[in-house]
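Okay, model06.cif is below, mmCIF, C-alpha atoms:
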data_start
loop_
_atom_site.label_atom_id
_atom_site.label_comp_id
_atom_site.auth_asym_id
_atom_site.auth_seq_id
_atom_site.Cartn_x
_atom_site.Cartn_y
_atom_site.Cartn_z
CA PRO B 1 -28.63 8.24 -10.44
CA ARG B 2 -28.82 6.83 -13.94
CA ALA B 3 -27.24 3.54 -12.82
CA GLN B 4 -29.73 3.31 -9.95
CA SER B 5 -32.59 4.01 -12.33
CA ASP B 6 -31.37 1.28 -14.69
CA GLU B 7 -31.07 -1.13 -11.76
CA ARG B 8 -34.64 -0.40 -10.64
CA SER B 9 -35.83 -0.86 -14.20
CA ASN B 10 -34.06 -4.22 -14.42
CA ILE B 11 -35.61 -5.32 -11.13
CA ARG B 12 -39.08 -4.36 -12.37
CA GLU B 13 -38.48 -6.39 -15.52
CA ILE B 14 -37.38 -9.41 -13.46
CA ILE B 15 -40.42 -9.15 -11.18
CA ALA B 16 -42.70 -8.89 -14.21
CA ALA B 17 -41.00 -11.92 -15.78
CA SER B 18 -41.54 -13.95 -12.61
CA GLY B 19 -45.31 -13.41 -12.85
CA ILE B 20 -45.45 -12.58 -9.13
CA SER B 21 -46.04 -8.89 -8.46
CA ASP B 22 -45.32 -7.18 -5.15
CA ARG B 23 -49.01 -7.31 -4.22
CA LEU B 24 -49.38 -10.97 -5.14
CA TRP B 25 -46.23 -11.83 -3.21
CA ARG B 26 -47.49 -10.12 -0.06
CA LEU B 27 -50.91 -11.77 -0.36
CA TYR B 28 -49.27 -15.18 -0.64
CA ALA B 29 -46.64 -14.61 2.06
CA TYR B 30 -48.96 -13.04 4.62
CA PHE B 31 -51.68 -15.59 4.05
CA TRP B 32 -49.53 -18.12 5.91
CA LEU B 33 -49.76 -16.06 9.07
CA VAL B 34 -52.95 -18.08 9.43
CA CYS B 35 -50.69 -20.42 11.40
CA LEU B 36 -51.03 -17.90 14.27
CA VAL B 37 -54.72 -18.73 14.56
CA PHE B 38 -54.13 -22.12 16.19
CA PRO B 39 -51.89 -21.01 19.09
CA ILE B 40 -54.01 -17.89 19.67
CA PHE B 41 -57.16 -19.98 19.77
CA SER B 42 -55.43 -22.34 22.21
CA LEU B 43 -54.54 -19.45 24.51
CA ILE B 44 -58.13 -18.21 24.40
CA GLN B 45 -59.50 -21.67 25.16
CA THR B 46 -57.24 -22.11 28.19
CA PRO B 47 -57.15 -18.83 30.13
CA ARG B 48 -53.81 -18.05 31.76
CA GLN B 49 -52.47 -15.22 33.86
CA GLY B 50 -49.16 -13.53 34.58
CA ILE B 51 -45.98 -14.97 33.11
CA ALA B 52 -47.89 -18.00 31.87
CA LEU B 53 -49.77 -15.69 29.50
CA LEU B 54 -47.06 -13.13 28.86
CA PHE B 55 -44.44 -15.62 27.62
CA PRO B 56 -46.49 -17.13 24.76
CA ILE B 57 -47.75 -13.68 23.73
CA LEU B 58 -44.19 -12.34 23.54
CA GLY B 59 -43.20 -15.47 21.62
CA LEU B 60 -45.97 -14.91 19.05
CA ILE B 61 -45.00 -11.24 18.70
CA LEU B 62 -41.34 -12.16 18.17
CA PHE B 63 -42.29 -14.75 15.56
CA THR B 64 -44.54 -12.26 13.73
CA VAL B 65 -41.87 -9.54 13.69
CA ALA B 66 -39.26 -11.95 12.30
CA TYR B 67 -41.70 -13.20 9.66
CA PHE B 68 -42.60 -9.68 8.56
CA ARG B 69 -38.94 -8.66 8.42
CA VAL B 70 -38.16 -11.45 5.98
CA MET B 71 -41.36 -11.47 3.93
CA TRP B 72 -42.14 -7.75 3.72
CA THR B 73 -40.11 -7.04 0.58
CA HIS B 74 -40.36 -8.99 -2.65
CA PRO B 75 -37.29 -11.30 -2.80
CA LEU B 76 -36.52 -10.13 -6.34
CA ASN B 77 -36.67 -6.51 -5.32
CA ASP B 78 -34.35 -6.83 -2.35
CA GLY B 79 -32.06 -9.85 -2.06
CA VAL B 80 -33.08 -11.06 1.38
CA ARG B 81 -30.03 -13.31 1.73
CA THR B 82 -27.70 -10.41 0.98
CA ARG B 83 -29.67 -8.02 3.17
CA LEU B 84 -29.74 -10.21 6.28
CA GLY B 85 -26.46 -12.07 5.98
CA LEU B 86 -25.79 -15.72 6.76
CA ALA B 87 -24.97 -15.25 10.46
CA THR B 88 -28.14 -13.23 11.13
CA THR B 89 -30.25 -15.68 9.13
CA LEU B 90 -28.96 -18.75 10.96
CA THR B 91 -29.35 -17.05 14.34
CA MET B 92 -32.93 -16.10 13.52
CA ILE B 93 -33.92 -19.56 12.24
CA ILE B 94 -32.30 -21.42 15.15
CA GLY B 95 -33.82 -18.97 17.64
CA LEU B 96 -37.30 -19.32 16.16
CA THR B 97 -36.98 -23.11 16.09
CA ILE B 98 -36.03 -23.20 19.78
CA LEU B 99 -38.83 -20.75 20.59
CA VAL B 100 -41.48 -22.82 18.83
CA PHE B 101 -40.14 -26.03 20.37
CA VAL B 102 -40.29 -24.58 23.90
CA LEU B 103 -43.76 -23.11 23.38
CA SER B 104 -45.09 -26.41 22.02
CA MET B 105 -43.60 -28.32 24.96
CA ILE B 106 -45.19 -25.96 27.48
CA TYR B 107 -48.44 -24.91 25.86
CA GLY B 108 -49.30 -27.78 23.53
CA ASN B 109 -49.02 -28.89 19.93
CA SER B 110 -51.04 -25.96 18.61
CA PHE B 111 -47.80 -23.94 18.61
CA LEU B 112 -46.24 -26.43 16.18
CA TRP B 113 -48.16 -24.65 13.43
CA LEU B 114 -45.60 -21.86 13.74
CA PHE B 115 -43.08 -24.20 12.14
CA ILE B 116 -44.86 -23.43 8.85
CA GLY B 117 -43.58 -19.85 9.04
CA VAL B 118 -40.12 -20.94 10.22
CA SER B 119 -39.89 -23.31 7.24
CA ALA B 120 -40.86 -20.47 4.87
CA ILE B 121 -38.19 -18.21 6.38
CA ALA B 122 -35.55 -20.94 6.02
CA GLY B 123 -36.56 -21.66 2.44
CA ILE B 124 -36.27 -18.05 1.31
CA THR B 125 -33.18 -16.94 3.26
CA LEU B 126 -30.79 -19.90 2.99
CA SER B 127 -28.94 -21.35 0.02
CA PHE B 128 -30.52 -24.30 -1.78
CA ARG B 129 -28.53 -26.93 0.09
CA ASN B 130 -28.91 -25.37 3.53
CA ALA B 131 -32.57 -24.57 2.96
CA SER B 132 -33.30 -28.15 1.90
CA ILE B 133 -31.62 -29.48 5.04
CA ALA B 134 -33.47 -26.97 7.24
CA VAL B 135 -36.88 -27.72 5.74
CA PHE B 136 -36.29 -31.47 6.01
CA GLY B 137 -35.17 -31.07 9.63
CA LEU B 138 -38.18 -28.92 10.52
CA THR B 139 -40.49 -31.47 8.92
CA LEU B 140 -39.00 -34.31 10.95
CA LEU B 141 -39.03 -32.19 14.11
CA THR B 142 -42.71 -31.37 13.64
CA LEU B 143 -43.55 -35.01 13.04
CA GLY B 144 -41.46 -36.21 15.98
CA ILE B 145 -42.92 -33.75 18.50
CA SER B 146 -46.46 -34.44 17.32
CA VAL B 147 -46.08 -38.20 17.67
CA ALA B 148 -44.16 -37.94 20.94
CA ALA B 149 -46.94 -35.85 22.47
CA SER B 150 -49.50 -38.51 21.57
CA PRO B 151 -50.33 -41.53 23.74
CA GLY B 152 -49.00 -43.77 21.00
CA VAL B 153 -48.44 -43.98 17.26
CA ALA B 154 -51.81 -45.61 16.70
CA ASP B 155 -53.60 -43.11 18.92
CA ALA B 156 -51.96 -40.03 17.38
CA ASN B 157 -54.25 -37.48 15.74
CA TRP B 158 -53.03 -38.12 12.20
CA LEU B 159 -55.78 -35.98 10.69
CA GLN B 160 -54.01 -32.99 12.24
CA ILE B 161 -50.42 -34.24 12.09
CA ILE B 162 -50.35 -35.11 8.38
CA PRO B 163 -51.66 -31.72 7.10
CA LEU B 164 -49.31 -29.90 9.47
CA VAL B 165 -46.26 -31.88 8.36
CA LEU B 166 -47.18 -31.47 4.69
CA LEU B 167 -47.60 -27.72 5.11
CA VAL B 168 -44.25 -27.35 6.89
CA ARG B 169 -42.56 -29.27 4.10
CA GLY B 170 -44.64 -27.80 1.27
CA LEU B 171 -44.26 -24.11 2.08
CA GLY B 172 -40.53 -24.51 2.68
CA LEU B 173 -40.13 -26.19 -0.71
CA ASP B 174 -42.30 -23.50 -2.32
CA MET B 175 -39.96 -20.81 -1.03
CA ILE B 176 -36.89 -22.77 -2.16
CA GLY B 177 -38.40 -23.08 -5.63
CA PHE B 178 -39.22 -19.39 -5.75
CA VAL B 179 -35.68 -18.45 -4.73
CA ARG B 180 -34.27 -20.73 -7.44
CA LEU B 181 -36.63 -19.09 -9.95
CA SER B 182 -35.44 -15.69 -8.74
CA ASP B 183 -31.79 -16.69 -9.15
CA ALA B 184 -32.48 -18.03 -12.65
CA LEU B 185 -34.26 -14.80 -13.65
CA ARG B 186 -31.41 -12.68 -12.28
CA GLU B 187 -28.89 -14.77 -14.22
CA LEU B 188 -31.03 -14.49 -17.35
CA GLN B 189 -31.17 -10.71 -16.94
CA ARG B 190 -27.38 -10.52 -16.49
CA THR B 191 -26.92 -12.66 -19.61
CA ARG B 192 -29.26 -10.41 -21.60
CA ASP B 193 -27.34 -7.33 -20.46
CA GLN B 194 -24.04 -8.94 -21.42
CA LEU B 195 -25.41 -9.94 -24.84
CA ALA B 196 -26.70 -6.40 -25.38
CA GLN B 197 -23.29 -4.95 -24.49
CA GLN B 198 -21.59 -7.47 -26.77
CA ALA B 199 -23.95 -6.53 -29.60
CA VAL B 200 -23.06 -2.85 -29.14
CA ILE B 201 -19.34 -3.66 -29.16
CA GLU B 202 -19.67 -5.77 -32.30
CA GLU B 203 -21.65 -3.04 -34.06
CA ARG B 204 -19.00 -0.47 -33.15
CA LEU B 205 -16.27 -2.76 -34.49
CA ARG B 206 -18.24 -3.30 -37.72
CA MET B 207 -18.69 0.44 -38.17
CA ALA B 208 -15.01 0.98 -37.43
CA ARG B 209 -14.02 -1.59 -40.07
CA ASP B 210 -16.37 -0.05 -42.64
CA LEU B 211 -15.08 3.43 -41.87
CA HIS B 212 -11.50 2.23 -42.05
CA ASP B 213 -12.05 0.55 -45.42
CA LEU B 214 -13.89 3.56 -46.82
CA LEU B 215 -11.48 6.22 -45.64
CA GLY B 216 -8.45 4.05 -46.29
CA HIS B 217 -9.28 3.81 -49.99
CA THR B 218 -10.27 7.47 -50.23
CA LEU B 219 -7.22 8.82 -48.42
CA SER B 220 -4.95 6.66 -50.55
CA LEU B 221 -6.55 8.13 -53.67
CA ILE B 222 -6.23 11.70 -52.30
CA THR B 223 -2.57 11.07 -51.45
CA LEU B 224 -1.74 9.76 -54.93
CA LYS B 225 -3.55 12.57 -56.75
CA SER B 226 -1.97 15.21 -54.48
CA GLU B 227 1.51 13.84 -55.27
CA LEU B 228 0.69 13.79 -58.98
CA ALA B 229 -0.60 17.35 -58.89
CA GLY B 230 2.56 18.41 -57.06
CA ARG B 231 4.74 16.97 -59.82
CA LEU B 232 2.62 18.50 -62.63
CA VAL B 233 2.12 21.96 -61.14
CA GLU B 234 5.11 23.37 -63.06
CA LYS B 235 5.21 21.00 -66.04
CA ASP B 236 1.50 20.99 -66.89
CA PRO B 237 -0.54 23.40 -64.73
CA LEU B 238 -3.77 22.52 -66.53
CA ILE B 239 -3.58 18.82 -65.67
CA ALA B 240 -2.38 19.70 -62.17
CA ARG B 241 -5.45 21.90 -61.73
CA GLN B 242 -7.66 19.01 -62.85
CA GLU B 243 -6.01 16.71 -60.32
CA ILE B 244 -6.57 19.28 -57.56
CA HIS B 245 -10.25 19.49 -58.51
CA GLU B 246 -10.39 15.68 -58.40
CA VAL B 247 -8.82 15.70 -54.92
CA GLU B 248 -11.48 18.20 -53.81
CA ARG B 249 -14.25 16.06 -55.30
CA VAL B 250 -12.98 12.88 -53.62
CA ALA B 251 -12.58 14.69 -50.29
CA ARG B 252 -16.14 16.04 -50.44
CA GLN B 253 -17.45 12.59 -51.35
CA ALA B 254 -15.56 11.10 -48.39
CA LEU B 255 -17.07 13.76 -46.11
CA ARG B 256 -20.57 12.87 -47.28
CA ASP B 257 -19.85 9.15 -46.77
CA VAL B 258 -18.61 9.73 -43.25
#
Step by step, read the file and then write its structure as structure tokens.
Amino acid sequence: PRAQSDERSNIREIIAASGISDRLWRLYAYFWLVCLVFPIFSLIQTPRQGIALLFPILGLILFTVAYFRVMWTHPLNDGVRTRLGLATTLTMIIGLTILVFVLSMIYGNSFLWLFIGVSAIAGITLSFRNASIAVFGLTLLTLGISVAASPGVADANWLQIIPLVLLVRGLGLDMIGFVRLSDALRELQRTRDQLAQQAVIEERLRMARDLHDLLGHTLSLITLKSELAGRLVEKDPLIARQEIHEVERVARQALRDV
């Protein structure tokens, strides 16, 4: 229990050092669910029935559940990469990418806005190298689908494509940067703990040396005076008694010093 309490205390210190509280993290992470507005608005504009309506709704629900699962807990409070595992993370990102691609092919480019959330998930769950590759790939995929769906490069709606591509890239890079900050803060905390332990060890060694030097001198003096008193106890009892009193005095002084 004490170790768990210390771990929670360390995590709170790391979160405080990051400047991003749990509440601020959730506000920032959940704000980007605004990307759901565009596909939902598209579905409202073009009424559909049956499987044509059920499939995109299930797709949006699946995307939202995956996003909440990753973004619910502060990354510093619960290592999302450790919690999910690499295999689960890759499966989720690839599955969401295929889902968004299929939805955009069937129901229009408004579903490409979901790539913003997929990019955020990739940025926060993958290692720096893999996350960079994933975010770059998602950016190119968003750009390619957007241009391919247009009549031509010149006729493409660049006022919509450019902000979308920048957001896919930008939020992914934001999450990568935050994860790198988190890793740096964790490493800093580990270093501080190690330095604190080293300081305790050094202080104990210093106290041990001081105690050794103090008692070593005192015990040597007690030993010599005890031997002297032993030799004088028959020859000169008075001096022997004085030596015994001196041994007692030195011993009491050593006790006070300790």
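Relative to CA of Met71 in chain B, CA of Gly177 in chain B is found at 15.3 Å.
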Contact residues around Arg241 in chain B with only C-alpha atoms at 10 Å, ignoring same-chain residues under 6 positions, as an MDAnalysis selection string: chainID B and resid 229:230 232:233 247
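Once the PyMOL selection byres ((chain B and resi 115) around 10) is applied to this file, the selection holds Cys35, Leu96, Thr97, Val100, Phe101, Phe111, Leu112, Trp113, Leu114, Ile116, Gly117, Val118, Ser119, Ala120, Ile121, Val135, Leu138, Thr139, Leu141, Thr142, Leu164, Val165, Leu167, Val168, Arg169 and Gly172 of chain B.
With the shown file loaded, the PyMOL selection byres ((chain B and resi 42) around 10) picks out B:Val37, B:Phe38, B:Pro39, B:Ile40, B:Phe41, B:Leu43, B:Ile44, B:Gln45, B:Thr46, B:Pro47, B:Tyr107, B:Gly108, B:Asn109, B:Ser110, B:Phe111.
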Which of B:Leu195, B:Leu54, B:Leu214, B:Met207 sits closest to Arg256 in chain B [using only C-alpha atoms]: B:Leu214
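Between CA of Glu246 in chain B and CA of Lys225 in chain B lies a distance of 7.7 Å.
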One-decimal distance in Å that lies between CA of Leu181 in chain B and CA of Ile93 in chain B: 22.4 Å
Residue members of the PyMOL selection byres ((chain B and resi 146) around 9) in the file shown, as a VMD selection string: chain B and resid 109 112 141 to 145 147 to 150 156 to 157 161
Selection near range 56-66 of chain B, 7 Å with only C-alpha atoms, sequence-local residues under 4 positions removed, as a PyMOL selection string: chain B and resi 70+96+99+103
Option closest in space to Asp257 in chain B, from B:Asp210, B:Asp236, B:Glu227, B:Glu243 [counting all atoms listed in the file]: B:Asp210
For Leu27 in chain B: contacts at 12 Å, all atoms listed in the file, fewer than 6 positions along chain excluded, given as a list in words: Ile20, Ser21, Leu33, Val34, Met71, Trp72, Thr73 and His74 of chain B
Give me range 172-193 of chain B from this structure - N, CA and C atoms, as an mmCIF file, in the first residue's frame.
data_model
loop_
_atom_site.group_PDB
_atom_site.id
_atom_site.type_symbol
_atom_site.label_atom_id
_atom_site.label_comp_id
_atom_site.auth_asym_id
_atom_site.auth_seq_id
_atom_site.Cartn_x
_atom_site.Cartn_y
_atom_site.Cartn_z
ATOM 1 N N GLY B 172 -1.981 14.957 -34.739
ATOM 2 C CA GLY B 172 -1.094 13.804 -34.564
ATOM 3 C C GLY B 172 0.257 14.217 -34.004
ATOM 4 N N LEU B 173 0.808 15.304 -34.543
ATOM 5 C CA LEU B 173 2.102 15.791 -34.039
ATOM 6 C C LEU B 173 1.975 16.324 -32.618
ATOM 7 N N ASP B 174 0.841 16.951 -32.307
ATOM 8 C CA ASP B 174 0.607 17.417 -30.933
ATOM 9 C C ASP B 174 0.673 16.253 -29.952
ATOM 10 N N MET B 175 0.016 15.157 -30.291
ATOM 11 C CA MET B 175 0.003 13.994 -29.408
ATOM 12 C C MET B 175 1.394 13.363 -29.304
ATOM 13 N N ILE B 176 2.121 13.331 -30.415
ATOM 14 C CA ILE B 176 3.494 12.818 -30.363
ATOM 15 C C ILE B 176 4.340 13.674 -29.429
ATOM 16 N N GLY B 177 4.202 14.993 -29.557
ATOM 17 C CA GLY B 177 4.957 15.892 -28.683
ATOM 18 C C GLY B 177 4.586 15.724 -27.226
ATOM 19 N N PHE B 178 3.295 15.530 -26.961
ATOM 20 C CA PHE B 178 2.870 15.347 -25.575
ATOM 21 C C PHE B 178 3.413 14.045 -24.998
ATOM 22 N N VAL B 179 3.419 12.986 -25.811
ATOM 23 C CA VAL B 179 3.969 11.711 -25.338
ATOM 24 C C VAL B 179 5.458 11.845 -25.059
ATOM 25 N N ARG B 180 6.181 12.561 -25.921
ATOM 26 C CA ARG B 180 7.616 12.769 -25.679
ATOM 27 C C ARG B 180 7.838 13.592 -24.411
ATOM 28 N N LEU B 181 6.979 14.590 -24.182
ATOM 29 C CA LEU B 181 7.054 15.353 -22.934
ATOM 30 C C LEU B 181 6.790 14.443 -21.741
ATOM 31 N N SER B 182 5.808 13.567 -21.871
ATOM 32 C CA SER B 182 5.471 12.639 -20.791
ATOM 33 C C SER B 182 6.659 11.727 -20.490
ATOM 34 N N ASP B 183 7.277 11.193 -21.536
ATOM 35 C CA ASP B 183 8.433 10.310 -21.347
ATOM 36 C C ASP B 183 9.583 11.056 -20.670
ATOM 37 N N ALA B 184 9.792 12.310 -21.094
ATOM 38 C CA ALA B 184 10.876 13.106 -20.499
ATOM 39 C C ALA B 184 10.597 13.376 -19.021
ATOM 40 N N LEU B 185 9.334 13.668 -18.677
ATOM 41 C CA LEU B 185 8.983 13.923 -17.281
ATOM 42 C C LEU B 185 9.121 12.660 -16.437
ATOM 43 N N ARG B 186 8.727 11.516 -17.004
ATOM 44 C CA ARG B 186 8.894 10.254 -16.273
ATOM 45 C C ARG B 186 10.373 9.976 -16.024
ATOM 46 N N GLU B 187 11.200 10.196 -17.041
ATOM 47 C CA GLU B 187 12.635 9.964 -16.886
ATOM 48 C C GLU B 187 13.230 10.926 -15.861
ATOM 49 N N LEU B 188 12.764 12.178 -15.884
ATOM 50 C CA LEU B 188 13.226 13.161 -14.902
ATOM 51 C C LEU B 188 12.844 12.735 -13.491
ATOM 52 N N GLN B 189 11.620 12.226 -13.330
ATOM 53 C CA GLN B 189 11.172 11.777 -12.018
ATOM 54 C C GLN B 189 11.999 10.593 -11.539
ATOM 55 N N ARG B 190 12.285 9.645 -12.445
ATOM 56 C CA ARG B 190 13.124 8.496 -12.076
ATOM 57 C C ARG B 190 14.524 8.958 -11.669
ATOM 58 N N THR B 191 15.061 9.937 -12.412
ATOM 59 C CA THR B 191 16.390 10.459 -12.076
ATOM 60 C C THR B 191 16.383 11.136 -10.721
ATOM 61 N N ARG B 192 15.338 11.899 -10.436
ATOM 62 C CA ARG B 192 15.230 12.557 -9.128
ATOM 63 C C ARG B 192 15.160 11.526 -8.005
ATOM 64 N N ASP B 193 14.393 10.458 -8.218
ATOM 65 C CA ASP B 193 14.287 9.405 -7.204
ATOM 66 C C ASP B 193 15.642 8.736 -6.974
#
